[in-house]
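Worksheet for the structure shown next.
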Amino acid sequence: MKFKNRTFDDAETVLDIRNLTVKLAGNETAEPVLDRVSLKIRAGETACLVGESGSGKSVTSLSVMGLLPKGSLVATGGTIDMDGKDLLTLSPQAMREMRARRISMIFQEPMTALNPVMRVGDQIEEVLDTHARLPGAEKRRRVLDIMDQVHLPEVERIYRSYPHQLSGGQRQRIMIAMALILEPKLLIADEPTTALDVTTQQQILSLIGELQEKHGTAVLFITHDMGVVAEIADTVHVMRLGRIVEQAPVETLLRHPQKDYTKKLLEAVPSLTPRPYQTGEERETVLRVSGLQKIYSTGTIFVRREPTRAATDVAFAVERGRTLGIVGESGSGKSTVARCIMRLIDPTAGEVRVAGKEIATLSRRELRPLRKHIQIVFQDPFRSLNPRWTIGRSLIEGPLNLGEDKRKSLARAAELLALVGLPEDAIGRYPHQFSGGQRQRVAIARAIAMEPDVLVADEAVSALDVSVQAQVLELLDSLQKKLGIAILFITHDLRVAAQICDEVVVMQHGRIVEHDTAWNVLSNPQHAYTRSLIEAAPGRFWDFANFRELRSA
Amino acid sequence: MLGYIIRRILAVIPVMVIVAVFVFLLLRLTPGDPAAIIAGDMATPAQLERIRTSLGLNDPLHVQFITWVGLLLQGELGTSLISNTPVTSMIGQRIWPTFNIAVLTIVLSVLIAVPMGVLAAWRHRTWADYAVMAFSVLGFSIPVFVIGYIFIQVFSLELRWLPVQGYKAPSEGLWAFLSRAILPCLTLATIYVALIARMTRASMLEVLGEDYIRTARAKGVAEQIVLFRHALRNAAVPIMTIIGTGFALLIGGVVVTESVFNIPGIGRLTVDAVLARDYPVIQAMILLTSALYVFINLVIDLSYTFFDPRIRY
């Protein structure tokens with residue numbers, strides 16, 4: 001693993017935050033959201049701000065931009081020095097002039113960060129209109145030039161496109177073009193690659209690096225992903241509960257973390273080394289999919305269009321007590337397969353046998369009694385529980401639908417909560433009283449309340465912080481051992497797949513391109529696409545949990 | 001896009017057929033003999049028979065319907081039973097005052113309400129927001145005729161700035177038209193201002209929380225551009241819906257206002273026709289307003305594609 005080991009002792013300081021304190025507006029007694037945060041960024045340096053959700057990373061960046069949500073958060077102390085001025089004392093007008101010219105920002109969600117009703121070219125041009133007076137032809141030339149610099153193809157066409165006509169990666173390039181067109185001294189990047197596929201993430205990271213090199217920009221990079229940190233950081237600042245707990249050059253931090261929290265954070269990073277395949281006795285196959293196909297026809301009576309093949313000829317089987325991972329990028333068809341198996345959508349062709357019964361062609365009514373054999377846990381625990389129902393009511397809904405006795409179901413619900421590691425009194429509480437990880441535990445309890453043979457986990461840990469992610473993965477593993485449940489684990493994250501899967505299926509463009517044991521797929525990939533996925537995984541030569549290079553690499 | 005427009009226009013046909021059937025049955029299925037209703041209590045049998053023949057009431061129902069629709073398609077709406085003039089020319093005379101008043105009202109409403117709504121959303125939870133909301137509640141709750149009489153009392157009788165009643169076409173001079181139209185229009189506008197301002201505020205509040213608004217601010221864009229260029233256009237679809245619905249409802253609302261301000265529009269025509277049981281006129285009015293509703297809905301649907309490029313059916 002090669003780290004950036006550059007020194008910045010001679011470089012000019014671009015941003016100097018000292019003792020920044022941010023509080024909830026109108027609440028003097030509450031704990032501050034940011035507590036005396038200090039950090040310095042020098043020209044050409046990439047400073048990574050890492051921490052789990054709620055640690056204050058984004059609040060720090062928004063304070064620098066002067067974009068703290070009005071009326072709810074206020075900076076009550078400290079200074080933010082840039083160009084010899086304290087940004088906290090600037091007038092709104094003066095602050096507006098700093099933005100895009102001196103400091104720019106790109107955001108996490110390229111899908112929502114661009115105005116959907118304006119052409120992207122106009123959105124980039126607006127930066128020039130706001131800060132510089134240029135003749136029309138010159139403006140257009142500069143916009144096309146920056147679009148070229150961020151390596152967008154067919155710039156003339158994309159100039160006239162609306163955001164929804166572009167891919168996530170292209171939109172993020174537009175954001176970067178917008179942020180860098182006036183060559184600011186500081187770029188703040190708030191989780192800019194979190195919503196992107198690994199291969200796109202790699203491209204965007206190298207693009208930011210390239211432009212940074214070219215223009216000598218200082219970058220404040222916010223992320224929760226230690227892999228990304230290892231790839232791009234010069235300096236790392238670890239945040240927790242509104243405080244900076246540790247700051248160090250990247251290699252020092254990853255090799256010799258000083259604080260317990262940093263160690264804990266690093267130890268939670270799942271390793272890319274797959275768990276060894278357990279050979280064992282023949283087991284009963286509980287889920288068998290063959291020839292599965294899903295075609296969406298998009299044409300109308302008037303227009304004939306090429307139908308979209310979301311899944312083609314998908315076949316695999318899962319045995320009791322085993323975990324099969326489906327890995328692929330967005331649009332690869334992995335979620336389509338999961339939904340077809342759940343019969344949330346109807347497959348166009350093929351067979352799905354759950355516990356020996358063919359369900360692909362059953363009617364909704366015939367399907368109902370069989371639903372208990374296969375259950376699902378969704379990605380977003382904040383939206384997959386009914387906010388107005390108590391946990392208990394959510395847990396017993398399934399069993400009640402199957403005609404279970406209410407008192408028995410409630411007793412069982414209490415047992416389930418204990419099984420997933422939640423307190424007994426959780427049964428009468430509401431979802432908003434729990435954290436994301438706890439809610440995901442509830443979602444898992446709800447799924448296993450039906451005593452299914454197969455559990456489908458659709459990106460079930462993707463929305464969670466790494467430390468929570470590790471706990472939920474552990475929970476799934478122990479439940480599998482106890483209940484002998486088969487798990488179909490859908491994920492875009494190879495590290496997660498390596499941790500939990502016995503076998504892995506790699507999908508691309510709706511087809512299976514590789515299917516083998518997790519060990520073989522990850523350590524000896526056969527298909528070029530699998531190799532590109534593994535190569536794009538950030539920090540893949542580093543063993544975070546043991547603070548050293550990966551031995552097998 | 002063109003396909004969508006064509007399909008959307010074709011979808012109008014079944015709606016209008018259903019309306020036509022309903023309007024036709026309205027007269028035929030009313031309890032009692034339509035001819036007796038039309039002729040009134042003092043009619044002789046001979047008069048009744050004459051009315052029956054003139055209306056074709058002795059033919060079987062489906063023959064009557066086909067004849068009626070046939071005439072309808074030729075633009076023949078029948079003759080008023082009271083004034084004996086063709087209904088088409090009666091409506092032709094009366095529609096312009098109503099149309100002018102309705103358009104002026106909706107323009108006034110939008111010009112007042114949209115900035116109010118934007119202001120309320122921008123200054124969310126400040127006195128400006130509360131003032132706009134208070135006005136909305138007030139605008140909803142005061143009946144149209146009360147507002148009308150208050151305006152007349154203040155501006156016409158006390159201040160003597162404007163005429164009390166009447167109507168002059170814009171062709172007779174802009175001031176002549178405006179001085180008489182402004183009070184009825186403001187009266188009518190009150191409720192639409194309330195409605196549109198509320199919808200604008202709600203829609204803007206939602207949009208102002210979006211990521212792309214933060215992006216615009218991060219670019220250093222001035223606040224009024226953030227509000228009007230970035231936010232308002234994104235908030236436009238629900239606002240357009242309410243404006244369109246408002247315009248359609250307006251046609252119903254003019255009935256009262258035209259009576260209060262003595263404007264010779266289709267509202268008064270309808271009231272007079274109902275009081276006199278002038279069935280051909282009533283039928284024509286129902287057909288006309290239905291067609292207008294359908295047309296306005298069509299225009300609103302098509303306007304969505306203009307505001308939001310993602311909508312391409």
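Letters A, B, ... go to the chains of the structure tokens in the order shown; residues in each chain start at 1; ligands are counted from 1 in the same order.
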Give as number ranges by chain every residue of chain A that touches chain B within 7 Å, counting only C-alpha atoms.
A: 96-97, 99-100, 104-105, 112-115, 117, 127, 130
Could those residues be written to a file, using N, CA and C atoms, as a PDB file, in the first residue's frame?
ATOM      1  N   ARG A  96     -21.145  35.384   0.153  1.00  0.00           N
ATOM      2  CA  ARG A  96     -21.556  34.879  -1.165  1.00  0.00           C
ATOM      3  C   ARG A  96     -20.431  35.030  -2.174  1.00  0.00           C
ATOM      4  N   GLU A  97     -19.671  36.150  -2.048  1.00  0.00           N
ATOM      5  CA  GLU A  97     -18.584  36.360  -3.000  1.00  0.00           C
ATOM      6  C   GLU A  97     -17.433  35.379  -2.786  1.00  0.00           C
ATOM      7  N   ARG A  99     -17.872  32.219  -1.953  1.00  0.00           N
ATOM      8  CA  ARG A  99     -18.285  30.903  -2.443  1.00  0.00           C
ATOM      9  C   ARG A  99     -18.038  30.787  -3.936  1.00  0.00           C
ATOM     10  N   ALA A 100     -17.588  29.632  -4.340  1.00  0.00           N
ATOM     11  CA  ALA A 100     -17.277  29.319  -5.732  1.00  0.00           C
ATOM     12  C   ALA A 100     -16.002  30.015  -6.191  1.00  0.00           C
ATOM     13  N   SER A 104     -15.277  26.086  -2.666  1.00  0.00           N
ATOM     14  CA  SER A 104     -16.391  25.425  -3.351  1.00  0.00           C
ATOM     15  C   SER A 104     -16.737  24.155  -2.606  1.00  0.00           C
ATOM     16  N   MET A 105     -17.917  23.648  -2.930  1.00  0.00           N
ATOM     17  CA  MET A 105     -18.322  22.438  -2.225  1.00  0.00           C
ATOM     18  C   MET A 105     -19.028  21.492  -3.184  1.00  0.00           C
ATOM     19  N   THR A 112     -29.550  14.434  -6.408  1.00  0.00           N
ATOM     20  CA  THR A 112     -30.449  15.506  -5.976  1.00  0.00           C
ATOM     21  C   THR A 112     -29.756  16.861  -5.882  1.00  0.00           C
ATOM     22  N   ALA A 113     -28.438  16.890  -6.100  1.00  0.00           N
ATOM     23  CA  ALA A 113     -27.726  18.151  -5.883  1.00  0.00           C
ATOM     24  C   ALA A 113     -27.797  19.093  -7.080  1.00  0.00           C
ATOM     25  N   LEU A 114     -28.304  18.607  -8.199  1.00  0.00           N
ATOM     26  CA  LEU A 114     -28.446  19.485  -9.357  1.00  0.00           C
ATOM     27  C   LEU A 114     -29.918  19.831  -9.552  1.00  0.00           C
ATOM     28  N   ASN A 115     -30.156  21.061 -10.005  1.00  0.00           N
ATOM     29  CA  ASN A 115     -31.538  21.493 -10.238  1.00  0.00           C
ATOM     30  C   ASN A 115     -32.140  20.700 -11.400  1.00  0.00           C
ATOM     31  N   VAL A 117     -34.720  21.008 -13.225  1.00  0.00           N
ATOM     32  CA  VAL A 117     -35.412  21.660 -14.342  1.00  0.00           C
ATOM     33  C   VAL A 117     -34.515  22.626 -15.108  1.00  0.00           C
ATOM     34  N   VAL A 127     -22.463  29.977 -12.387  1.00  0.00           N
ATOM     35  CA  VAL A 127     -21.344  30.344 -11.515  1.00  0.00           C
ATOM     36  C   VAL A 127     -20.602  31.539 -12.114  1.00  0.00           C
ATOM     37  N   THR A 130     -22.634  34.700 -11.867  1.00  0.00           N
ATOM     38  CA  THR A 130     -22.694  35.252 -10.522  1.00  0.00           C
ATOM     39  C   THR A 130     -21.417  35.989 -10.142  1.00  0.00           C
TER      40      THR A 130
END
- Run DSSP on the backbone and grab whatever in segment 2-36 of chain B lands in helix (DSSP H, G or I); send it over as a PyMOL selection string. chain B and resi 2-10+12-28+34-36
Those same residues - N, CA and C atoms - I'd like them written as an mmCIF file, in the first residue's frame.
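Listing of out_30.cif after writing:
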data_model
loop_
_atom_site.group_PDB
_atom_site.id
_atom_site.type_symbol
_atom_site.label_atom_id
_atom_site.label_comp_id
_atom_site.auth_asym_id
_atom_site.auth_seq_id
_atom_site.Cartn_x
_atom_site.Cartn_y
_atom_site.Cartn_z
ATOM 1 N N LEU B 2 -45.632 14.619 -28.866
ATOM 2 C CA LEU B 2 -46.792 14.842 -29.724
ATOM 3 C C LEU B 2 -47.827 13.754 -29.472
ATOM 4 N N GLY B 3 -47.319 12.515 -29.320
ATOM 5 C CA GLY B 3 -48.209 11.391 -29.039
ATOM 6 C C GLY B 3 -49.002 11.641 -27.779
ATOM 7 N N TYR B 4 -48.316 12.199 -26.771
ATOM 8 C CA TYR B 4 -48.987 12.476 -25.513
ATOM 9 C C TYR B 4 -50.087 13.513 -25.702
ATOM 10 N N ILE B 5 -49.779 14.573 -26.450
ATOM 11 C CA ILE B 5 -50.777 15.628 -26.675
ATOM 12 C C ILE B 5 -52.004 15.037 -27.370
ATOM 13 N N ILE B 6 -51.743 14.209 -28.406
ATOM 14 C CA ILE B 6 -52.868 13.628 -29.148
ATOM 15 C C ILE B 6 -53.711 12.731 -28.242
ATOM 16 N N ARG B 7 -53.024 11.876 -27.470
ATOM 17 C CA ARG B 7 -53.773 10.984 -26.579
ATOM 18 C C ARG B 7 -54.588 11.772 -25.569
ATOM 19 N N ARG B 8 -53.962 12.839 -25.066
ATOM 20 C CA ARG B 8 -54.626 13.661 -24.052
ATOM 21 C C ARG B 8 -55.875 14.319 -24.639
ATOM 22 N N ILE B 9 -55.782 14.739 -25.928
ATOM 23 C CA ILE B 9 -56.929 15.381 -26.561
ATOM 24 C C ILE B 9 -58.022 14.348 -26.846
ATOM 25 N N LEU B 10 -57.603 13.142 -27.280
ATOM 26 C CA LEU B 10 -58.591 12.102 -27.552
ATOM 27 C C LEU B 10 -59.357 11.724 -26.284
ATOM 28 N N VAL B 12 -60.469 13.533 -24.168
ATOM 29 C CA VAL B 12 -61.525 14.510 -23.906
ATOM 30 C C VAL B 12 -62.871 14.001 -24.423
ATOM 31 N N ILE B 13 -62.820 13.228 -25.512
ATOM 32 C CA ILE B 13 -64.066 12.814 -26.176
ATOM 33 C C ILE B 13 -65.023 12.048 -25.260
ATOM 34 N N PRO B 14 -64.573 10.944 -24.611
ATOM 35 C CA PRO B 14 -65.535 10.234 -23.748
ATOM 36 C C PRO B 14 -66.114 11.120 -22.641
ATOM 37 N N VAL B 15 -65.299 12.010 -22.096
ATOM 38 C CA VAL B 15 -65.792 12.896 -21.045
ATOM 39 C C VAL B 15 -66.939 13.749 -21.577
ATOM 40 N N MET B 16 -66.733 14.316 -22.753
ATOM 41 C CA MET B 16 -67.757 15.195 -23.306
ATOM 42 C C MET B 16 -69.019 14.418 -23.671
ATOM 43 N N VAL B 17 -68.862 13.156 -24.122
ATOM 44 C CA VAL B 17 -70.036 12.337 -24.441
ATOM 45 C C VAL B 17 -70.876 12.119 -23.181
ATOM 46 N N ILE B 18 -70.194 11.799 -22.069
ATOM 47 C CA ILE B 18 -70.912 11.568 -20.816
ATOM 48 C C ILE B 18 -71.648 12.844 -20.389
ATOM 49 N N VAL B 19 -70.976 13.991 -20.514
ATOM 50 C CA VAL B 19 -71.613 15.260 -20.164
ATOM 51 C C VAL B 19 -72.847 15.486 -21.032
ATOM 52 N N ALA B 20 -72.711 15.205 -22.334
ATOM 53 C CA ALA B 20 -73.827 15.428 -23.250
ATOM 54 C C ALA B 20 -75.023 14.572 -22.866
ATOM 55 N N VAL B 21 -74.763 13.296 -22.561
ATOM 56 C CA VAL B 21 -75.843 12.398 -22.154
ATOM 57 C C VAL B 21 -76.535 12.951 -20.914
ATOM 58 N N PHE B 22 -75.733 13.383 -19.964
ATOM 59 C CA PHE B 22 -76.282 13.893 -18.709
ATOM 60 C C PHE B 22 -77.152 15.129 -18.940
ATOM 61 N N VAL B 23 -76.635 16.046 -19.758
ATOM 62 C CA VAL B 23 -77.365 17.286 -20.035
ATOM 63 C C VAL B 23 -78.686 16.982 -20.742
ATOM 64 N N PHE B 24 -78.618 16.037 -21.657
ATOM 65 C CA PHE B 24 -79.807 15.642 -22.397
ATOM 66 C C PHE B 24 -80.862 15.068 -21.442
ATOM 67 N N LEU B 25 -80.402 14.168 -20.568
ATOM 68 C CA LEU B 25 -81.338 13.504 -19.658
ATOM 69 C C LEU B 25 -81.908 14.474 -18.628
ATOM 70 N N LEU B 26 -81.116 15.513 -18.328
ATOM 71 C CA LEU B 26 -81.530 16.489 -17.312
ATOM 72 C C LEU B 26 -82.953 16.973 -17.576
ATOM 73 N N LEU B 27 -83.197 17.315 -18.844
ATOM 74 C CA LEU B 27 -84.497 17.842 -19.201
ATOM 75 C C LEU B 27 -85.537 16.731 -19.305
ATOM 76 N N ARG B 28 -85.117 15.582 -19.937
ATOM 77 C CA ARG B 28 -86.097 14.522 -20.209
ATOM 78 C C ARG B 28 -86.503 13.781 -18.933
ATOM 79 N N PRO B 34 -91.788 17.750 -19.342
ATOM 80 C CA PRO B 34 -90.955 18.924 -19.612
ATOM 81 C C PRO B 34 -91.766 20.054 -20.239
ATOM 82 N N ALA B 35 -92.652 19.675 -21.105
ATOM 83 C CA ALA B 35 -93.451 20.706 -21.768
ATOM 84 C C ALA B 35 -94.265 21.483 -20.738
ATOM 85 N N ALA B 36 -94.789 20.771 -19.735
ATOM 86 C CA ALA B 36 -95.582 21.426 -18.693
ATOM 87 C C ALA B 36 -94.691 22.328 -17.842
#
Taking 5 positions as the minimum chain separation for residues in the same chain, which residues sit within 8 Å of Gly54 of chain A when counting only C-alpha atoms? Answer as an mmCIF file with N, CA and C atoms, in the first residue's frame.
data_model
loop_
_atom_site.group_PDB
_atom_site.id
_atom_site.type_symbol
_atom_site.label_atom_id
_atom_site.label_comp_id
_atom_site.auth_asym_id
_atom_site.auth_seq_id
_atom_site.Cartn_x
_atom_site.Cartn_y
_atom_site.Cartn_z
ATOM 1 N N ARG A 240 -15.571 12.640 16.570
ATOM 2 C CA ARG A 240 -16.551 11.873 17.318
ATOM 3 C C ARG A 240 -17.335 12.836 18.201
ATOM 4 N N LEU A 241 -18.656 12.772 18.121
ATOM 5 C CA LEU A 241 -19.540 13.584 18.946
ATOM 6 C C LEU A 241 -19.132 15.059 18.973
ATOM 7 N N GLY A 242 -18.833 15.601 17.790
ATOM 8 C CA GLY A 242 -18.555 17.028 17.691
ATOM 9 C C GLY A 242 -17.158 17.430 18.084
#
Excluding same-chain residues fewer than 6 positions from segment 306-314 of chain A, what lies within 6 Å of it counting only C-alpha atoms, as number ranges by chain?
A: 291-298, 333, 510-511
Open item on the list: Give me, as a PyMOL selection string, all polymer residues having an atom no more than 9 Å from segment 267-276 of chain A, counting only C-alpha atoms and skipping those fewer than 3 positions away in the same chain.
Closed with: chain A and resi 225-227+262-264+466-471+494-502+517-523+534+537+540-547+550+552
Residue with the minimum atom-to-atom distance to Pro431 of chain A, picked from A:Val472, A:Ala414, A:Leu479, A:Leu385 with only C-alpha atoms counted, is A:Leu385
Contacts of segment 139-149 of chain B at 12 Å (only C-alpha atoms; same-chain gap of 4+ positions) as an MDAnalysis selection string: chainID B and resid 109 113 132:135 153:157 164:165 181:198 250 253:262
So that I can check the surroundings of Asp9 of chain A, please list as a list in words every protein, DNA and RNA residue that reaches within 12 Å of it, counting only C-alpha atoms and ignoring chain neighbours fewer than 6 positions away. Lys40, Ile41, Arg42, Ala43, Gly44 and Glu45 of chain A
